[in-house]
Structure formats: structure tokens, C-alpha cells
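Asker: Right, I'll just put the structure down here and ask away after.
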Amino acid sequence: MKKVPLGSFLVGGLVFAQPNIKVEDAWVRAVPPTSKMSAAYMVIKNEGNEADKLIDASNNASQITEIHETVEGKMRRIKALEIPAGKKVELKPGGYHIMLINLNKPLKEGDKVELVLKFEKSGEIKVEAPVRKGAKHMKHEHHHHHHH
Ligand SMILES: [Cu+2]
């Protein structure tokens with residue numbers, strides 16, 4: 001197999017600078033019935049040649065939707081999340097996430113949440129996110145107990 005440098009096909013063909021946003025692996029965290037909040041995670045890819053920004057979001061499972069980042073273990077709301085050209089930004093536990101506040105009903109595994117992500121240039125992108133208990137690759141998180 002010959003390796004072709006990434007991007008060599010892209011030069012020349014594109015006349016306008018524009019973002020090309022794709023959302024992958026979206027999921028929402030399952031929460032106990034007592035919880036009024038949850039969070040959505042996903043990978044946002046920009047395959048275009050111009051940056052875009054996630055500026056707003058809404059969903060059908062909670063009354064309020066906010067874009068959050070986590071800094072030193074604390075969450076805070078951000079106005080926009082930049083998705084640079086040709087890059088991907090991962091929304092994951094402990095990092096960026098979409099916060100779902102005032103849930104209409106408890107979210108349990110197997111449920112689906114419809115998210116609408118609003119981008120500055122690409123407009124609205126609809127995503128269906130399944131409810132799961134945790135990320136697939138977070139198995140090493142709970143190994144705290146080593147008493148030797
Ligand atoms: Cu949050």
C-alpha cells in the first residue's frame with residue numbers, strides 16, 4: 001500500500017473556503033431518576049478548509065441546553081466552541097460537553113435524545129444520541145483501590 005499525504009486531493013478542487021462539519025459518536029449519559037441533569041458527548045469533525053463554531057444547542061430531553069467546558073474539575077458555560085479547519089474536537093467526560101439541564105424525564109439506557117447543534121457558519125445539525133451508562137473507552141477510570 002502506498003501512502004498518499006493527507007490533503008493532497010483537497011488542493012485545487014475547492015473554490016470557496018467553507019467548513020464541513022460532521023458529528024460522530026454522539027451519546028448521552030444515563031442518570032439516576034433523581035438527577036435533573038445530564039450531558040451529551042460526541043466528536044465534532046471539520047473536514048472543510050475554514051473554521052466553524054458551535055454557538056448554540058437544544059434538545060428534546062431537557063428544558064435548558066448549554067455548552068460547557070471542564071476546567072480543573074469544575075464545569076463552566078462557554079459561549080462558543082471553535083472547531084478548527086481540518087480538525088476534530090472531542091466532547092467527552094472531563095472535557096467539553098453539552099449540558100442538559102432540567103430533564104423532562106429520567107434518561108435511561110436505550111433512550112434516544114435528539115440534539116440540534118447550531119454552528120455559526122454551517123447552521124443547524126441534527127443528531128440522534130443514544131443514552132448510555134458511560135463511554136466505551138473509560139474502563140480504567142475506577143481502579144482506585146490498591147491496598148498492598
Ligand atoms: Cu456541564
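By convention in this document, the chains of the C-alpha cells carry letters A, B, ... by their order, each chain's residues are numbered from 1, and ligands are numbered from 1 in the order they are shown.
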Neighbouring residues of region 20-33 of chain A were defined as those with any atom within 6 Å, considering only C-alpha atoms; residues of the same chain fewer than 4 positions away were excluded. Please report them as a PyMOL selection string.
Answerer: chain A and resi 39-48+106-109+129-133
Asker: Residues of the last selection are to be written out with C-alpha atoms, as an mmCIF file, in the first residue's frame.
Answerer:
data_model
loop_
_atom_site.group_PDB
_atom_site.id
_atom_site.type_symbol
_atom_site.label_atom_id
_atom_site.label_comp_id
_atom_site.auth_asym_id
_atom_site.auth_seq_id
_atom_site.Cartn_x
_atom_site.Cartn_y
_atom_site.Cartn_z
ATOM 1 C CA ALA A 39 -24.601 15.637 29.499
ATOM 2 C CA ALA A 40 -24.123 14.794 25.848
ATOM 3 C CA TYR A 41 -20.779 13.870 24.324
ATOM 4 C CA MET A 42 -19.627 13.471 20.730
ATOM 5 C CA VAL A 43 -16.851 14.046 18.252
ATOM 6 C CA ILE A 44 -17.247 17.094 16.023
ATOM 7 C CA LYS A 45 -15.150 16.953 12.871
ATOM 8 C CA ASN A 46 -14.488 19.758 10.468
ATOM 9 C CA GLU A 47 -13.436 18.360 7.111
ATOM 10 C CA GLY A 48 -13.640 21.749 5.444
ATOM 11 C CA PRO A 106 -35.183 10.458 33.673
ATOM 12 C CA LEU A 107 -32.782 9.269 30.983
ATOM 13 C CA LYS A 108 -32.226 5.545 30.998
ATOM 14 C CA GLU A 109 -30.109 3.300 28.831
ATOM 15 C CA ALA A 129 -27.763 10.401 20.590
ATOM 16 C CA PRO A 130 -28.368 7.088 22.370
ATOM 17 C CA VAL A 131 -28.373 7.080 26.168
ATOM 18 C CA ARG A 132 -25.522 5.036 27.651
ATOM 19 C CA LYS A 133 -24.052 4.459 31.088
#
Asker: Taking only C-alpha atoms and all ligand atoms into account, produce a table as CSV in which each residue of chain A with an atom at most 7 Å from an atom of ligand 1 appears once, together with its shortest atom pair and the distance in Å to one decimal, ordered by chain and rising number.
Answerer:
residue,atom,partner,partner_atom_place_in_ligand_line,distance
A:Ala39,CA,ligand 1,1 (Cu),6.6
A:His68,CA,ligand 1,1 (Cu),4.9
A:Glu69,CA,ligand 1,1 (Cu),6.8
A:Met75,CA,ligand 1,1 (Cu),5.1
A:Arg76,CA,ligand 1,1 (Cu),6.5
A:His97,CA,ligand 1,1 (Cu),6.3
A:Ile98,CA,ligand 1,1 (Cu),6.7
A:Met99,CA,ligand 1,1 (Cu),4.7
Asker: Work out how far apart CA of Thr65 (chain A) and CA of Ala51 (chain A) are and give it in Å to one decimal.
Answerer: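 Interatomic distance, CA of Thr65 (chain A) to CA of Ala51 (chain A): 22.9 Å.
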